[in-house]
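> Before I ask anything, let me first share the structure, which is written out below as structure tokens.
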Amino acid sequence: MHTIIPAPKSFEQGKGSFAPAPSAAIGWTGPAAARDVAELLAEYLRPATGLALPVREGAAEITLVQTGDPAPDADGFLPEAYTLRVDAASGIRIEAQSAAGLARGVQTLRQLLVAGAPAAFIACRVEDAPAFRWRGLHLDVSRHFFGADDVCRFIELLAQHRMNVFHWHLTDDQGWRVEIKRYPKLAEVGSVRARTIVGHHSKWPHKWDDTPHCGFYTQDEIRRVVAFAARRHVTVVPEIDMPGHMEAAIAAYPEIGVGYSPVKEVRDRWGISKEVLSLDDECVDFCKNVWSEMFDMFPGLYMHIGGDEAPTTAWEESAKAQSTMAARGLTSPRAMQSWFTARMSEFFRDHGKRLIGWDEILEGEELDPSSAVMYWRSHHKEVDISAAAKAGHKIVCAPTSFTYLDYYQAEPVSEEPLAIGGLLTLPHVFSFDPLEGIAPEAHSAVLGGQGQLWTEYIATRDHLDYMTYPRACALAETLWCGAAAHPRFSDFSARLRTHAERLAAQGVRFHPL
Ligand code: ACM
């Protein structure tokens, strides 16, 4: 049996194994994108086998065959199916319609490698394709900043699990992390938090560490991360959370905000802030200008506008917001957000982009059906996914109840490092089915799912590893296989024992199995 995670659709063991000779090469045929994947494979195999295999066009001992050059589908995804053959005598062949499929095949091939002298790949035949098109991990770099190298490592690890979306939560009340040239104070002022809460934020009185927490990405660094992901056929979905969760931006440009604090500053506590964007015309222009620079940095289709947890109290109590609402004919404060999201959705569409937001963006009247919705509030309780799908929205399932990897993962939680709360064990995450409870006629609207790494309580790379793995392995498998073809947990956990050695060899500090 194999030890591949996520499990491929079909796996047939062959006889023996194939050990590339030092004189071997990696060949590619088809569009030039196949060459880029071949070069990535060569890079991966150098440390893994000790061989510096040259890459050349045409057939070789290891050959990547790209048979087509399909355009992305209507939702922006390329086909990812591939076949992989390892033959002890004739070598290795990965075949796919698209370079994205080849990239997935390359990750599977890496897991067939048995270390030794010489290193060899297990002979087999694999046929594989994912159940869901969106298989993502999210990372909050606002609450705690992770530098570009750590972000690339995070992407490399998710790509190894044949995931294809990196959702980059770049801004929040507690820190703005992306350089916007037109508004330099967003990074200069908005990225600096004076102090950070020590202990859980529910514990009173609060204590702080009195150490400034800083960091932002220059546009060059953002482009480097996006290129790193693109090479692995991972799409980066950036999030600028608005109109709530904007205190860091409001600290930099107080005129865009409306709220309570007489002195605006980057928020130094967790939880939901009542400070929100004013959403007057100048503020909406500000948002559009920010997104224009984002469009230039992020080539993907989906742009995440957040939209969660935006209290309406400030709009209710501000005379300026009331006059903005009156001028627009808006009769309820909640309509402020839905009016804004609808305008931003049009703006995104006019620029060839698609808006996605947390499920609160549905709480209005105007959202255009092309906007996608990311569900986070406990699966299907507060929100009716089937109705949203019927209205034409595409859906990504990211429920707290299965995918919030910032929750505790083992009991007793008192023996775990401090976390935000909750409990999502490995078997529980493995049991996640994005389609559960959704009407069958709405299934085709579900793009997939993703895991969330909110970082209020995750300050270091080791701790991030610990919260992410091995639960992200389980999530990757549920999203790749789908419930219908889902292996049993015992099968997964047997493979995980070998897979954990792969993670350990890369220095991943995962939670003990
Ligand atoms: C969220 O967890 N507020 C999306």
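Quick note on naming: the chains in the structure tokens go A, B, ... in the order shown, residues restart at 1 in each chain, and ligands are numbered from 1 in order of appearance.
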Quick one: DSSP strand (DSSP E or B) residues in stretch 61-106 of chain A, as a list in words?
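Taking stretch 61-106 of chain A and keeping strand (DSSP E or B) only, one gets Ile62, Thr63, Leu64, Val65, Gln66, Tyr82, Thr83, Leu84, Arg85, Val86, Asp87, Gly91, Ile92, Arg93, Ile94, Glu95 and Ala96 of chain A.
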> Output the selection as a compact mmCIF listing (two decimals), in the first residue's frame - N, CA and C atoms for each residue.

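What ended up in result.txt:
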```txt
# COMPACT_ATOMS: atom_id res chain seq x y z
N ILE A 62 12.59 10.68 -16.72
CA ILE A 62 11.39 11.21 -16.04
C ILE A 62 10.78 12.20 -17.02
N THR A 63 9.53 11.98 -17.41
CA THR A 63 8.94 12.87 -18.42
C THR A 63 7.61 13.44 -17.95
N LEU A 64 7.45 14.72 -18.13
CA LEU A 64 6.18 15.38 -17.85
C LEU A 64 5.53 15.71 -19.20
N VAL A 65 4.33 15.20 -19.37
CA VAL A 65 3.64 15.37 -20.65
C VAL A 65 2.40 16.23 -20.43
N GLN A 66 2.40 17.41 -20.99
CA GLN A 66 1.20 18.25 -20.91
C GLN A 66 0.46 18.13 -22.23
N TYR A 82 -4.45 14.14 -13.24
CA TYR A 82 -3.17 13.69 -13.80
C TYR A 82 -3.08 12.18 -13.70
N THR A 83 -2.23 11.60 -14.50
CA THR A 83 -1.87 10.20 -14.30
C THR A 83 -0.36 10.14 -14.08
N LEU A 84 0.03 9.16 -13.32
CA LEU A 84 1.45 9.03 -12.95
C LEU A 84 1.82 7.56 -13.06
N ARG A 85 2.89 7.30 -13.76
CA ARG A 85 3.33 5.92 -13.91
C ARG A 85 4.80 5.86 -13.53
N VAL A 86 5.11 4.98 -12.58
CA VAL A 86 6.52 4.72 -12.26
C VAL A 86 6.78 3.27 -12.63
N ASP A 87 7.72 3.06 -13.55
CA ASP A 87 8.03 1.70 -14.02
C ASP A 87 9.51 1.43 -13.75
N GLY A 91 11.04 4.01 -16.37
CA GLY A 91 11.13 5.33 -15.74
C GLY A 91 9.79 5.90 -15.35
N ILE A 92 9.71 7.22 -15.34
CA ILE A 92 8.55 7.91 -14.76
C ILE A 92 7.90 8.79 -15.82
N ARG A 93 6.58 8.75 -15.83
CA ARG A 93 5.84 9.59 -16.75
C ARG A 93 4.63 10.17 -16.01
N ILE A 94 4.54 11.50 -16.02
CA ILE A 94 3.35 12.16 -15.47
C ILE A 94 2.67 12.84 -16.64
N GLU A 95 1.37 12.62 -16.74
CA GLU A 95 0.63 13.18 -17.87
C GLU A 95 -0.57 13.95 -17.34
N ALA A 96 -0.81 15.13 -17.89
CA ALA A 96 -1.96 15.94 -17.47
C ALA A 96 -2.33 16.89 -18.60
```
> Which residues are near ligand 1 - at most 7 Å, using only C-alpha atoms and all ligand atoms? Format: as a PyMOL selection string.
chain A and resi 308-309+358+376
> With N, CA and C atoms retained, export the selected residues as a PDB file, in the first residue's frame.

```pdb
ATOM      1  N   ASP A 308     -16.864  40.479   7.537  1.00  0.00           N
ATOM      2  CA  ASP A 308     -17.378  39.872   8.768  1.00  0.00           C
ATOM      3  C   ASP A 308     -17.399  40.892   9.897  1.00  0.00           C
ATOM      4  N   GLU A 309     -18.271  40.662  10.856  1.00  0.00           N
ATOM      5  CA  GLU A 309     -18.233  41.333  12.148  1.00  0.00           C
ATOM      6  C   GLU A 309     -18.072  42.852  12.038  1.00  0.00           C
ATOM      7  N   TRP A 358     -16.739  36.928   3.633  1.00  0.00           N
ATOM      8  CA  TRP A 358     -17.327  36.081   4.676  1.00  0.00           C
ATOM      9  C   TRP A 358     -18.848  36.175   4.582  1.00  0.00           C
ATOM     10  N   TRP A 376     -18.334  30.830   7.347  1.00  0.00           N
ATOM     11  CA  TRP A 376     -17.515  30.543   8.536  1.00  0.00           C
ATOM     12  C   TRP A 376     -18.371  30.266   9.753  1.00  0.00           C
TER      13      TRP A 376
END
```
> Which is closer to A:Leu109 than all the others in A:Pro399, A:Pro8, A:Gly451, A:Pro299, using only C-alpha atoms?
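Nearest to A:Leu109: A:Pro8.
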> May I have a table of the residues of stretch 111-150 of chain A lying at most 8 Å from stretch 12-33 of chain A, giving each one's closest pair of atoms and their distance in Å to one decimal, counting only C-alpha atoms, ordered by chain and ascending residue number, as a tab-separated table?

```
residue	atom	partner	partner_atom	distance
A:Pro118	CA	A:Ala19	CA	6.3
A:Ala119	CA	A:Ala19	CA	5.9
A:Ala120	CA	A:Ala19	CA	4.1
A:Phe121	CA	A:Phe18	CA	5.1
A:Ile122	CA	A:Ser17	CA	4.5
A:Ala123	CA	A:Ser17	CA	4.6
A:Cys124	CA	A:Gln13	CA	4.4
A:Arg125	CA	A:Glu12	CA	5.1
A:Val126	CA	A:Glu12	CA	6.5
```
> Figure out the distance between atom CA of A:Ala398 and atom CA of A:Phe348, please, to one decimal in Å.
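Atom CA of A:Ala398 lies 22.5 Å from atom CA of A:Phe348.
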> Report as a list in words all protein, DNA and RNA residues lying within 10 Å of A:Gly352, evaluated on only C-alpha atoms, omitting residues in the same chain fewer than 2 positions from it.
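Counting only the stated atoms, we get Phe295, Pro299, Gly300, Leu301, Tyr302, Glu346, Phe347, Phe348, Arg349, Asp350 and Arg354 of chain A.
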> Using N, CA, C and O atoms, can you export the residues from the last selection as a PDB file, in the first residue's frame?

```
ATOM      1  N   PHE A 295      -5.015  44.780  -7.174  1.00  0.00           N
ATOM      2  CA  PHE A 295      -5.236  44.079  -8.453  1.00  0.00           C
ATOM      3  C   PHE A 295      -3.911  43.930  -9.205  1.00  0.00           C
ATOM      4  O   PHE A 295      -3.672  42.927  -9.871  1.00  0.00           O
ATOM      5  N   PRO A 299      -2.583  38.430  -9.373  1.00  0.00           N
ATOM      6  CA  PRO A 299      -3.178  38.104 -10.672  1.00  0.00           C
ATOM      7  C   PRO A 299      -4.397  37.185 -10.601  1.00  0.00           C
ATOM      8  O   PRO A 299      -5.068  36.990 -11.602  1.00  0.00           O
ATOM      9  N   GLY A 300      -4.698  36.623  -9.428  1.00  0.00           N
ATOM     10  CA  GLY A 300      -5.806  35.665  -9.337  1.00  0.00           C
ATOM     11  C   GLY A 300      -7.159  36.331  -9.563  1.00  0.00           C
ATOM     12  O   GLY A 300      -7.283  37.558  -9.605  1.00  0.00           O
ATOM     13  N   LEU A 301      -8.180  35.505  -9.697  1.00  0.00           N
ATOM     14  CA  LEU A 301      -9.537  36.006  -9.951  1.00  0.00           C
ATOM     15  C   LEU A 301     -10.194  36.520  -8.671  1.00  0.00           C
ATOM     16  O   LEU A 301     -10.840  37.571  -8.673  1.00  0.00           O
ATOM     17  N   TYR A 302     -10.013  35.804  -7.564  1.00  0.00           N
ATOM     18  CA  TYR A 302     -10.778  36.115  -6.350  1.00  0.00           C
ATOM     19  C   TYR A 302     -10.040  37.115  -5.468  1.00  0.00           C
ATOM     20  O   TYR A 302      -8.848  36.950  -5.173  1.00  0.00           O
ATOM     21  N   GLU A 346     -19.140  45.434  -8.012  1.00  0.00           N
ATOM     22  CA  GLU A 346     -19.156  45.965  -9.385  1.00  0.00           C
ATOM     23  C   GLU A 346     -17.769  46.428  -9.806  1.00  0.00           C
ATOM     24  O   GLU A 346     -17.318  46.186 -10.930  1.00  0.00           O
ATOM     25  N   PHE A 347     -17.098  47.105  -8.873  1.00  0.00           N
ATOM     26  CA  PHE A 347     -15.752  47.607  -9.154  1.00  0.00           C
ATOM     27  C   PHE A 347     -14.799  46.446  -9.464  1.00  0.00           C
ATOM     28  O   PHE A 347     -14.013  46.495 -10.419  1.00  0.00           O
ATOM     29  N   PHE A 348     -14.885  45.386  -8.680  1.00  0.00           N
ATOM     30  CA  PHE A 348     -14.027  44.216  -8.919  1.00  0.00           C
ATOM     31  C   PHE A 348     -14.337  43.631 -10.298  1.00  0.00           C
ATOM     32  O   PHE A 348     -13.440  43.309 -11.060  1.00  0.00           O
ATOM     33  N   ARG A 349     -15.632  43.484 -10.577  1.00  0.00           N
ATOM     34  CA  ARG A 349     -16.039  42.879 -11.855  1.00  0.00           C
ATOM     35  C   ARG A 349     -15.522  43.702 -13.026  1.00  0.00           C
ATOM     36  O   ARG A 349     -15.029  43.160 -14.005  1.00  0.00           O
ATOM     37  N   ASP A 350     -15.609  45.043 -12.894  1.00  0.00           N
ATOM     38  CA  ASP A 350     -15.132  45.922 -13.975  1.00  0.00           C
ATOM     39  C   ASP A 350     -13.627  45.762 -14.204  1.00  0.00           C
ATOM     40  O   ASP A 350     -13.112  46.160 -15.241  1.00  0.00           O
ATOM     41  N   ARG A 354     -13.226  38.880  -9.145  1.00  0.00           N
ATOM     42  CA  ARG A 354     -14.469  38.423  -8.518  1.00  0.00           C
ATOM     43  C   ARG A 354     -14.368  38.618  -7.007  1.00  0.00           C
ATOM     44  O   ARG A 354     -13.394  38.185  -6.397  1.00  0.00           O
TER      45      ARG A 354
END
```
> Considering only C-alpha atoms, can you say which of A:Ala229, A:Ala59, A:Ile197, A:Asp210 comes closest to A:Leu157?
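Looking only at the distances to A:Leu157, the closest residue turns out to be A:Ala229.
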> Between atom CA of A:Arg488 and atom CA of A:Gln160, what is the distance, to one decimal in Å?
21.2 Å
> If you count only C-alpha atoms, which residues fall within 10 Å of A:Pro512, apart from same-chain ones fewer than 4 positions away, as a list in words?
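What passes the distance filter is Ala410, Tyr466, Tyr469, Pro470 and Ala500 of chain A.
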> Out of A:Leu277, A:Val165, A:Ala34, A:Val237, which residue has the shortest atom-to-atom distance to A:Ser318 when counting only C-alpha atoms?
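So, comparing all the options, the nearest one is A:Leu277.
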> When you count only C-alpha atoms, which of these residues is closest to A:Gly190: A:Val396, A:Met246, A:Val383, A:Leu496?
A:Met246
> So that I can see what lies close to A:Gly199, please list as a list in words the residues with an atom at most 9 Å from it, counting only C-alpha atoms and leaving out residues fewer than 6 positions away in the same chain.
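Answer for this query is His206, Lys207, Trp208, Leu418 and Tyr457 of chain A.
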> Keeping only N, CA, C and O atoms, take the residues you just selected and write them out as a compact mmCIF listing (two decimals), in the first residue's frame.

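Output contents, as saved in out.txt:
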```txt
# COMPACT_ATOMS: atom_id res chain seq x y z
N HIS A 206 -6.94 42.95 31.65
CA HIS A 206 -5.97 42.63 30.61
C HIS A 206 -4.55 42.97 31.05
O HIS A 206 -4.33 43.92 31.78
N LYS A 207 -3.63 42.15 30.53
CA LYS A 207 -2.20 42.47 30.72
C LYS A 207 -1.58 42.58 29.33
O LYS A 207 -2.00 41.87 28.41
N TRP A 208 -0.58 43.46 29.21
CA TRP A 208 0.07 43.64 27.92
C TRP A 208 1.57 43.39 28.04
O TRP A 208 2.12 43.49 29.13
N LEU A 418 -1.83 27.93 24.82
CA LEU A 418 -3.03 28.76 24.83
C LEU A 418 -3.59 28.94 23.42
O LEU A 418 -2.85 29.24 22.48
N TYR A 457 -3.27 34.04 19.00
CA TYR A 457 -2.49 33.28 19.99
C TYR A 457 -1.36 32.48 19.33
O TYR A 457 -0.83 31.57 19.95
```
> What's around stretch 129-142 of chain A at 7 Å? Count only C-alpha atoms, leave out sequence neighbours fewer than 4 positions away in its own chain, and write the answer as a PyMOL selection string.
chain A and resi 9+77+80-82+146+163-172+174-177+447-455+476+479-482
> Output N, CA and C atoms for every residue in that selection, as a JSON list (two decimals), in the first residue's frame.

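And here is the file that came out, again_26.json:
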```json
[["chain", "number", "residue", "atom", "x", "y", "z"],
["A", 9, "LYS", "N", -6.99, 9.03, -6.13],
["A", 9, "LYS", "CA", -8.24, 8.35, -6.50],
["A", 9, "LYS", "C", -8.00, 6.86, -6.74],
["A", 77, "PHE", "N", -10.69, 28.11, -12.43],
["A", 77, "PHE", "CA", -9.84, 26.96, -12.08],
["A", 77, "PHE", "C", -9.42, 26.17, -13.31],
["A", 80, "GLU", "N", -7.13, 19.69, -12.80],
["A", 80, "GLU", "CA", -5.95, 19.24, -12.04],
["A", 80, "GLU", "C", -5.75, 17.73, -12.10],
["A", 81, "ALA", "N", -6.52, 17.05, -12.93],
["A", 81, "ALA", "CA", -6.36, 15.60, -13.04],
["A", 81, "ALA", "C", -4.98, 15.29, -13.63],
["A", 82, "TYR", "N", -4.45, 14.14, -13.24],
["A", 82, "TYR", "CA", -3.17, 13.69, -13.80],
["A", 82, "TYR", "C", -3.08, 12.18, -13.70],
["A", 146, "PHE", "N", 4.03, 37.31, 9.96],
["A", 146, "PHE", "CA", 4.98, 36.28, 9.52],
["A", 146, "PHE", "C", 5.66, 36.81, 8.25],
["A", 163, "MET", "N", -3.01, 21.16, -2.10],
["A", 163, "MET", "CA", -3.96, 22.26, -1.93],
["A", 163, "MET", "C", -3.59, 23.33, -2.96],
["A", 164, "ASN", "N", -4.54, 24.20, -3.26],
["A", 164, "ASN", "CA", -4.29, 25.11, -4.39],
["A", 164, "ASN", "C", -4.66, 26.57, -4.11],
["A", 165, "VAL", "N", -5.09, 26.89, -2.91],
["A", 165, "VAL", "CA", -5.45, 28.29, -2.60],
["A", 165, "VAL", "C", -4.76, 28.70, -1.30],
["A", 166, "PHE", "N", -4.10, 29.85, -1.35],
["A", 166, "PHE", "CA", -3.56, 30.46, -0.13],
["A", 166, "PHE", "C", -4.32, 31.76, 0.10],
["A", 167, "HIS", "N", -5.11, 31.79, 1.15],
["A", 167, "HIS", "CA", -5.92, 32.97, 1.49],
["A", 167, "HIS", "C", -5.12, 33.78, 2.51],
["A", 168, "TRP", "N", -4.68, 34.94, 2.06],
["A", 168, "TRP", "CA", -3.73, 35.76, 2.84],
["A", 168, "TRP", "C", -4.49, 36.90, 3.50],
["A", 169, "HIS", "N", -4.74, 36.76, 4.79],
["A", 169, "HIS", "CA", -5.50, 37.76, 5.57],
["A", 169, "HIS", "C", -4.52, 38.87, 5.97],
["A", 170, "LEU", "N", -4.45, 39.89, 5.13],
["A", 170, "LEU", "CA", -3.36, 40.87, 5.20],
["A", 170, "LEU", "C", -3.60, 42.04, 6.15],
["A", 171, "THR", "N", -4.85, 42.27, 6.49],
["A", 171, "THR", "CA", -5.11, 43.45, 7.33],
["A", 171, "THR", "C", -6.18, 43.12, 8.35],
["A", 172, "ASP", "N", -6.09, 43.80, 9.48],
["A", 172, "ASP", "CA", -7.14, 43.68, 10.49],
["A", 172, "ASP", "C", -6.97, 44.84, 11.46],
["A", 174, "GLN", "N", -5.65, 44.94, 14.21],
["A", 174, "GLN", "CA", -4.40, 44.92, 14.99],
["A", 174, "GLN", "C", -3.15, 45.03, 14.13],
["A", 175, "GLY", "N", -3.29, 45.31, 12.83],
["A", 175, "GLY", "CA", -2.11, 45.52, 12.01],
["A", 175, "GLY", "C", -2.42, 45.49, 10.53],
["A", 176, "TRP", "N", -1.89, 46.47, 9.81],
["A", 176, "TRP", "CA", -2.01, 46.54, 8.34],
["A", 176, "TRP", "C", -0.69, 46.08, 7.77],
["A", 177, "ARG", "N", -0.67, 45.09, 6.89],
["A", 177, "ARG", "CA", 0.59, 44.43, 6.54],
["A", 177, "ARG", "C", 0.99, 44.53, 5.07],
["A", 447, "LEU", "N", -17.50, 25.43, -4.28],
["A", 447, "LEU", "CA", -16.16, 25.33, -4.89],
["A", 447, "LEU", "C", -15.26, 24.43, -4.06],
["A", 448, "GLY", "N", -15.46, 24.44, -2.74],
["A", 448, "GLY", "CA", -14.62, 23.62, -1.88],
["A", 448, "GLY", "C", -14.58, 24.16, -0.48],
["A", 449, "GLY", "N", -13.43, 24.02, 0.16],
["A", 449, "GLY", "CA", -13.33, 24.45, 1.56],
["A", 449, "GLY", "C", -11.91, 24.85, 1.89],
["A", 450, "GLN", "N", -11.75, 25.35, 3.12],
["A", 450, "GLN", "CA", -10.40, 25.72, 3.54],
["A", 450, "GLN", "C", -10.29, 25.80, 5.06],
["A", 451, "GLY", "N", -9.05, 25.69, 5.53],
["A", 451, "GLY", "CA", -8.74, 25.79, 6.96],
["A", 451, "GLY", "C", -8.27, 27.19, 7.30],
["A", 452, "GLN", "N", -8.62, 27.63, 8.52],
["A", 452, "GLN", "CA", -8.28, 29.00, 8.96],
["A", 452, "GLN", "C", -7.22, 28.98, 10.05],
["A", 453, "LEU", "N", -6.22, 29.81, 9.89],
["A", 453, "LEU", "CA", -5.20, 30.01, 10.93],
["A", 453, "LEU", "C", -5.23, 31.47, 11.35],
["A", 454, "TRP", "N", -6.13, 31.74, 12.29],
["A", 454, "TRP", "CA", -6.13, 33.08, 12.92],
["A", 454, "TRP", "C", -5.02, 33.08, 13.97],
["A", 455, "THR", "N", -4.35, 34.22, 14.11],
["A", 455, "THR", "CA", -3.09, 34.16, 14.87],
["A", 455, "THR", "C", -3.05, 35.05, 16.12],
["A", 476, "ALA", "N", -6.79, 18.48, 3.86],
["A", 476, "ALA", "CA", -6.39, 18.32, 2.45],
["A", 476, "ALA", "C", -6.99, 17.04, 1.88],
["A", 479, "LEU", "N", -10.79, 17.31, 1.28],
["A", 479, "LEU", "CA", -11.13, 18.17, 0.14],
["A", 479, "LEU", "C", -10.68, 17.56, -1.18],
["A", 480, "TRP", "N", -9.59, 16.79, -1.14],
["A", 480, "TRP", "CA", -9.14, 16.15, -2.38],
["A", 480, "TRP", "C", -10.05, 14.96, -2.72],
["A", 481, "CYS", "N", -10.37, 14.17, -1.71],
["A", 481, "CYS", "CA", -11.11, 12.92, -1.98],
["A", 481, "CYS", "C", -12.62, 13.14, -2.05],
["A", 482, "GLY", "N", -13.17, 14.07, -1.25],
["A", 482, "GLY", "CA", -14.62, 14.21, -1.18],
["A", 482, "GLY", "C", -15.20, 13.08, -0.34]]
```
> Find the spatial neighbours of A:Phe298, counting only C-alpha atoms, within a cut-off of 9 Å - ignore same-chain residues fewer than 4 positions away - and output them as a list in words.
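Here the qualifying residues turn out to be Ile222, Arg223, Val226, Thr235, Val236, Val237, Pro238, Glu293, Met294 and Met303 of chain A.
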> As a list in words, which residues of stretch 47-175 of chain A does DSSP assign to helix (DSSP H, G or I)?
Pro47, Ala48, Thr49, Ala99, Ala100, Gly101, Leu102, Ala103, Arg104, Gly105, Val106, Gln107, Thr108, Leu109, Arg110, Ala148, Asp149, Asp150, Val151, Cys152, Arg153, Phe154, Ile155, Glu156, Leu157, Leu158, Ala159 and Gln160 of chain A
> Compare A:Trp315, A:Glu411, A:Pro205, A:Arg195 by their minimum atom-to-atom distance to A:Leu330, counting only C-alpha atoms, and give me the closest one.
A:Trp315
